[in-house]
>>> print(open('my_file.cif').read())   # mmCIF, C-alpha atoms
data_run
#
loop_
_atom_site.label_atom_id
_atom_site.label_comp_id
_atom_site.auth_asym_id
_atom_site.auth_seq_id
_atom_site.Cartn_x
_atom_site.Cartn_y
_atom_site.Cartn_z
CA MET Q 1 133.65 75.87 157.39
CA LYS Q 2 134.04 72.37 155.93
CA ILE Q 3 130.31 71.78 156.30
CA LYS Q 4 129.54 75.05 154.44
CA ARG Q 5 131.91 74.08 151.64
CA ILE Q 6 130.33 70.66 151.37
CA LEU Q 7 126.85 72.24 151.23
CA CYS Q 8 127.94 74.67 148.50
CA PHE Q 9 129.41 71.79 146.51
CA VAL Q 10 126.21 69.79 146.89
CA LEU Q 11 124.01 72.72 145.84
CA THR Q 12 126.20 73.44 142.82
CA THR Q 13 126.08 69.79 141.81
CA VAL Q 14 122.29 69.70 142.16
CA LEU Q 15 121.90 72.83 140.02
CA MET Q 16 124.19 71.43 137.32
CA LEU Q 17 122.27 68.17 137.31
CA SER Q 18 119.02 70.09 137.11
CA PHE Q 19 120.24 72.05 134.08
CA ALA Q 20 121.45 68.85 132.49
CA VAL Q 21 118.10 67.15 133.05
CA ASN Q 22 116.22 70.14 131.61
CA ALA Q 23 118.47 70.25 128.57
CA PHE Q 24 118.03 66.52 128.09
CA ALA Q 25 114.27 66.82 128.56
CA GLU Q 26 114.06 69.46 125.83
CA THR Q 27 112.95 67.78 122.62
CA GLN Q 28 114.50 68.44 119.25
CA GLY Q 29 111.28 70.09 118.14
CA GLU Q 30 111.32 72.43 121.12
CA ARG Q 31 114.96 73.33 120.50
CA ASN Q 32 114.24 74.09 116.86
CA ALA Q 33 111.16 76.11 117.76
CA LEU Q 34 113.19 78.09 120.30
CA ASN Q 35 115.88 78.83 117.71
CA SER Q 36 113.21 79.94 115.23
CA ALA Q 37 111.57 82.15 117.86
CA LYS Q 38 114.87 83.88 118.62
CA MET Q 39 115.50 84.38 114.90
CA TYR Q 40 112.06 85.96 114.37
CA LEU Q 41 112.51 88.24 117.37
CA SER Q 42 115.84 89.43 116.01
CA ILE Q 43 114.07 90.60 112.86
CA MET Q 44 110.80 92.11 114.06
CA ALA Q 45 108.53 92.59 117.08
CA PHE Q 46 106.05 89.95 118.17
CA SER Q 47 103.50 89.59 120.92
CA GLN Q 48 103.62 86.26 122.72
CA SER Q 49 100.46 85.01 121.01
CA GLY Q 50 101.65 86.41 117.69
CA LEU Q 51 104.95 84.54 117.99
CA ILE Q 52 103.15 81.31 118.82
CA LYS Q 53 100.91 81.70 115.76
CA GLN Q 54 103.95 82.40 113.56
CA LEU Q 55 105.72 79.29 114.81
CA GLU Q 56 102.59 77.19 114.32
CA PHE Q 57 102.35 78.56 110.78
CA GLU Q 58 105.91 77.31 110.26
CA GLY Q 59 104.78 73.82 111.22
CA TYR Q 60 105.67 73.58 114.88
CA SER Q 61 103.13 72.01 117.20
CA THR Q 62 101.26 74.21 119.66
CA SER Q 63 103.27 72.78 122.57
CA GLU Q 64 106.58 73.40 120.78
CA ALA Q 65 105.56 76.95 119.89
CA GLN Q 66 104.39 77.59 123.46
CA TYR Q 67 107.69 76.24 124.82
CA ALA Q 68 109.63 78.56 122.54
CA ALA Q 69 107.57 81.61 123.50
CA ASP Q 70 107.95 80.79 127.19
CA ASN Q 71 111.72 80.32 126.98
CA CYS Q 72 112.90 82.80 124.34
CA GLY Q 73 113.63 85.49 126.93
CA ALA Q 74 111.49 88.13 125.26
CA ASP Q 75 110.26 91.15 127.23
CA TRP Q 76 106.75 91.49 125.81
CA ASN Q 77 106.45 95.08 127.03
CA GLU Q 78 109.56 96.00 125.07
CA GLN Q 79 108.27 94.06 122.09
CA ALA Q 80 105.12 96.20 122.23
CA ALA Q 81 107.25 99.36 122.34
CA LYS Q 82 109.24 98.13 119.33
CA ALA Q 83 106.04 97.32 117.45
CA ALA Q 84 104.61 100.76 118.26
CA ARG Q 85 107.76 102.40 116.92
CA ASN Q 86 107.55 100.33 113.73
CA TYR Q 87 103.91 101.26 113.14
CA LEU Q 88 104.58 104.96 113.68
CA SER Q 89 107.41 104.84 111.14
CA ILE Q 90 104.87 103.74 108.53
CA MET Q 91 101.78 105.80 109.30
CA PRO Q 92 100.35 108.14 111.95
CA PHE Q 93 98.26 106.90 114.85
CA SER Q 94 96.43 108.45 117.76
CA ASP Q 95 97.32 106.93 121.13
CA ASP Q 96 93.98 105.12 121.26
CA GLY Q 97 94.34 103.94 117.68
CA LEU Q 98 97.84 102.62 118.28
CA ILE Q 99 96.78 100.80 121.45
CA GLU Q 100 93.93 99.20 119.52
CA GLN Q 101 96.32 98.14 116.75
CA LEU Q 102 98.76 96.59 119.21
CA GLU Q 103 95.95 94.71 120.95
CA PHE Q 104 94.86 93.42 117.54
CA GLU Q 105 98.41 92.07 117.12
CA GLY Q 106 98.02 90.06 120.32
CA TYR Q 107 99.52 92.31 122.97
CA THR Q 108 97.61 92.64 126.23
CA HIS Q 109 96.08 96.01 127.04
CA GLU Q 110 98.81 96.65 129.63
CA GLN Q 111 101.55 95.77 127.13
CA ALA Q 112 99.96 97.97 124.45
CA VAL Q 113 99.74 100.93 126.83
CA TYR Q 114 103.37 100.41 127.81
CA GLY Q 115 104.34 100.30 124.14
CA VAL Q 116 102.58 103.58 123.36
CA ASN Q 117 104.13 105.28 126.38
CA ASN Q 118 107.63 103.95 125.78
CA TYR Q 119 108.21 103.69 122.04
CA GLN Q 120 110.87 106.42 122.31
CA GLY Q 121 109.88 108.44 119.26
CA PRO Q 122 111.63 111.68 118.30
CA GLU Q 123 109.07 113.58 120.34
CA SER Q 124 106.72 112.64 123.15
CA GLY Q 125 103.55 113.65 124.94
CA ILE Q 126 101.26 116.38 123.63
CA ALA Q 127 103.71 117.59 120.99
CA ASP Q 128 103.99 114.12 119.51
CA GLN Q 129 100.22 113.57 119.38
CA ASN Q 130 99.82 116.93 117.66
CA LEU Q 131 102.38 115.77 115.12
CA GLN Q 132 100.61 112.47 114.61
CA ALA Q 133 97.28 114.25 114.14
CA LEU Q 134 98.88 116.61 111.62
CA LYS Q 135 100.31 113.69 109.66
CA SER Q 136 96.88 112.03 109.65
CA ALA Q 137 95.24 115.25 108.47
CA LYS Q 138 97.63 115.61 105.54
CA GLN Q 139 97.14 111.96 104.66
CA TYR Q 140 93.37 112.37 104.58
CA LEU Q 141 93.60 115.54 102.51
CA SER Q 142 95.77 113.75 99.97
CA ILE Q 143 92.94 111.27 99.42
CA MET Q 144 89.76 113.33 99.51
CA ALA Q 145 88.33 116.78 100.21
CA PHE Q 146 87.42 117.90 103.71
CA SER Q 147 85.96 121.01 105.24
CA TYR Q 148 87.69 122.39 108.32
CA SER Q 149 85.04 121.02 110.69
CA GLY Q 150 84.74 117.78 108.72
CA LEU Q 151 88.48 117.13 109.06
CA ILE Q 152 88.35 117.74 112.80
CA LYS Q 153 85.45 115.28 113.15
CA GLN Q 154 87.32 112.66 111.12
CA LEU Q 155 90.41 113.00 113.28
CA GLU Q 156 88.33 112.77 116.45
CA TYR Q 157 86.77 109.60 115.06
CA GLU Q 158 90.30 108.21 114.68
CA GLY Q 159 90.90 108.75 118.40
CA TYR Q 160 92.56 112.16 118.50
CA SER Q 161 91.38 114.65 121.09
CA THR Q 162 89.52 117.79 119.99
CA GLU Q 163 92.62 119.85 120.78
CA GLU Q 164 94.89 117.57 118.71
CA ALA Q 165 92.43 117.49 115.80
CA THR Q 166 92.03 121.27 115.88
CA TYR Q 167 95.81 121.72 115.92
CA ALA Q 168 96.05 119.53 112.82
CA ALA Q 169 93.29 121.38 110.97
CA ASP Q 170 94.86 124.73 111.87
CA ASN Q 171 98.32 123.69 110.67
CA CYS Q 172 97.74 121.36 107.72
CA GLY Q 173 97.98 124.17 105.18
CA ALA Q 174 94.65 123.41 103.50
CA ASP Q 175 92.87 126.03 101.43
CA TRP Q 176 89.27 125.40 102.49
CA PHE Q 177 87.89 127.22 99.45
CA GLU Q 178 89.84 124.88 97.18
CA GLN Q 179 88.72 121.93 99.29
CA ALA Q 180 85.12 123.03 98.66
CA ALA Q 181 85.78 123.20 94.91
CA LYS Q 182 87.31 119.72 95.01
CA ALA Q 183 84.36 118.37 97.00
CA ALA Q 184 81.88 119.96 94.57
CA LYS Q 185 83.68 118.36 91.63
CA ASN Q 186 83.54 114.98 93.36
CA TYR Q 187 79.81 115.31 94.04
CA LEU Q 188 79.08 116.32 90.45
CA SER Q 189 81.02 113.30 89.17
CA ILE Q 190 78.62 111.04 91.05
CA MET Q 191 75.23 112.73 90.54
CA SER Q 192 73.53 115.87 89.28
CA PHE Q 193 72.94 118.89 91.52
CA SER Q 194 71.28 122.22 91.06
CA ARG Q 195 73.38 125.18 92.18
CA SER Q 196 71.40 125.61 95.36
CA GLY Q 197 71.40 121.88 95.99
CA LEU Q 198 75.17 121.68 95.58
CA ILE Q 199 75.73 124.63 97.90
CA GLU Q 200 73.42 123.09 100.47
CA GLN Q 201 75.26 119.76 100.26
CA LEU Q 202 78.63 121.44 100.73
CA MET Q 203 77.38 123.39 103.73
CA PHE Q 204 76.06 120.15 105.19
CA GLU Q 205 79.62 118.81 104.93
CA GLY Q 206 80.85 121.71 107.06
CA TYR Q 207 81.88 124.31 104.49
CA THR Q 208 80.89 127.91 105.09
CA ARG Q 209 78.42 129.52 102.70
CA ALA Q 210 81.24 131.53 101.10
CA GLN Q 211 83.31 128.36 100.62
CA ALA Q 212 80.31 126.44 99.26
CA GLU Q 213 79.44 129.19 96.79
CA TYR Q 214 83.07 129.31 95.67
CA GLY Q 215 83.04 125.55 95.16
CA ALA Q 216 79.90 125.75 93.06
CA LYS Q 217 81.27 128.65 91.00
CA GLU Q 218 84.50 126.80 90.27
CA ASN Q 219 82.41 123.97 88.85
CA GLY Q 220 80.25 125.95 86.43
CA TYR Q 221 77.66 127.42 88.79
#
>>> encode(input="my_file.cif", output="C-alpha cells")
Amino acid sequence: MKIKRILCFVLTTVLMLSFAVNAFAETQGERNALNSAKMYLSIMAFSQSGLIKQLEFEGYSTSEAQYAADNCGADWNEQAAKAARNYLSIMPFSDDGLIEQLEFEGYTHEQAVYGVNNYQGPESGIADQNLQALKSAKQYLSIMAFSYSGLIKQLEYEGYSTEEATYAADNCGADWFEQAAKAAKNYLSIMSFSRSGLIEQLMFEGYTRAQAEYGAKENGY
C-alpha cells in the first residue's frame, strides 16, 4: 500500500511539474494569441485555418497563431455547424452550396458535411431543403423575371435537386404571365424586337406561347 501511495505521489508530482514546464515554455506572444483566439471564437465561428489567418491579420506570427488554434479547445465540427447556422440565417443555400461555402471558409470537406447535417435549424431533411429552395426562388424573383422552367433550371444550377427546385417553383406564388410581361419589358429596354421576335425570345426562355404572347401584348404588341 505504501509503495502504491508513493507511486501516486510521484506521478502527481511529475504531472504538476510537466504542467509547470509547459506553462513556463509558453511565450507571451502565444498566450496573447491564445486569448485572442478564445475571444474571437466567443463571438463568431471560425475554421482552424480561418482562425489562424485572422490572428495573423492581427499581427501574430504564424507559429503563435498556430499555437493558439491548436490549444484553444475548439471543436471544428461544431464550429462548422455554427457557421452553417449563421449563413442560413442570412440567405438560403442548397446543401451542396452550403458545403461549398464552408469549404471556402477553410473547413475540411468532412467538417463542412458535418456542419450541414448538424446545424440544428428549425426544420431538417427534405422539408428544410424545400424551404431553402423556396427562399432562393423568391429571392431570384425579387431581382429578375423567370419562367417556370427557367426558375427550376436556375435552382438546379445552385445545387438544389429537381424535386426541391420544382417544389419551389410550384409554391413561390409567381404569376408566370406577369413574369413574361416583366421579361418582355426588360428585353425591350435593352434592344428592339419585332412582335414575333419578342415572342420567340420569351419562349426560348421557357415561357409558354400563351405567356409569351401575353408578355408582348402588355408591352405594346
>>> atom_distance(input="my_file.cif", atom1="atom CA of Q:Cys72", atom2="atom CA of Q:Ser47")
12.1 Å
>>> closest_residue(input="my_file.cif", among="Q:Asp70, Q:Glu30, Q:Glu158, Q:Glu164", to="Q:Gln101", atoms="all atoms listed in the file")
Q:Glu158
>>> closest_residue(input="my_file.cif", among="Q:Glu213, Q:Tyr187, Q:Ala133, Q:Ser192", to="Q:Thr162", atoms="all atoms listed in the file")
Q:Ala133
>>> resolve_selection(input="my_file.cif", expression="the PyMOL selection byres ((chain Q and resi 138) around 12)", output="number ranges by chain")
Q: 91-92, 131-137, 139-146, 151-152, 155, 165, 168-174
>>> atom_distance(input="my_file.cif", atom1="atom CA of Q:Asn77", atom2="atom CA of Q:Ala45")
10.5 Å
>>> resolve_selection(input="my_file.cif", expression="the PyMOL selection byres ((chain Q and resi 86) around 12)", output="ChimeraX atom specification")
/Q:43-46,79-85,87-93,98,101-102,115-116,119-121
>>> residues_around(input="my_file.cif", residues="Q:Ser49", least_positions_apart="2", cutoff="10 Å", atoms="all atoms listed in the file", output="list in words")
Phe46, Ser47, Leu51, Ile52, Lys53, Gln54, Leu55, Ala65, Gln66, Ala69, Glu105, Gly106, Tyr107 and Thr108 of chain Q
>>> atom_distance(input="my_file.cif", atom1="atom CA of Q:Ala74", atom2="atom CA of Q:Leu41")
8.0 Å
>>> resolve_selection(input="my_file.cif", expression="the PyMOL selection byres ((chain Q and resi 195) around 12)", output="MDAnalysis selection string")
chainID Q and resid 184 187:188 192:194 196:202 212:221
>>> closest_residue(input="my_file.cif", among="Q:Glu78, Q:Glu26, Q:Ser149, Q:Asn130", to="Q:Gln111", atoms="all atoms listed in the file")
Q:Glu78
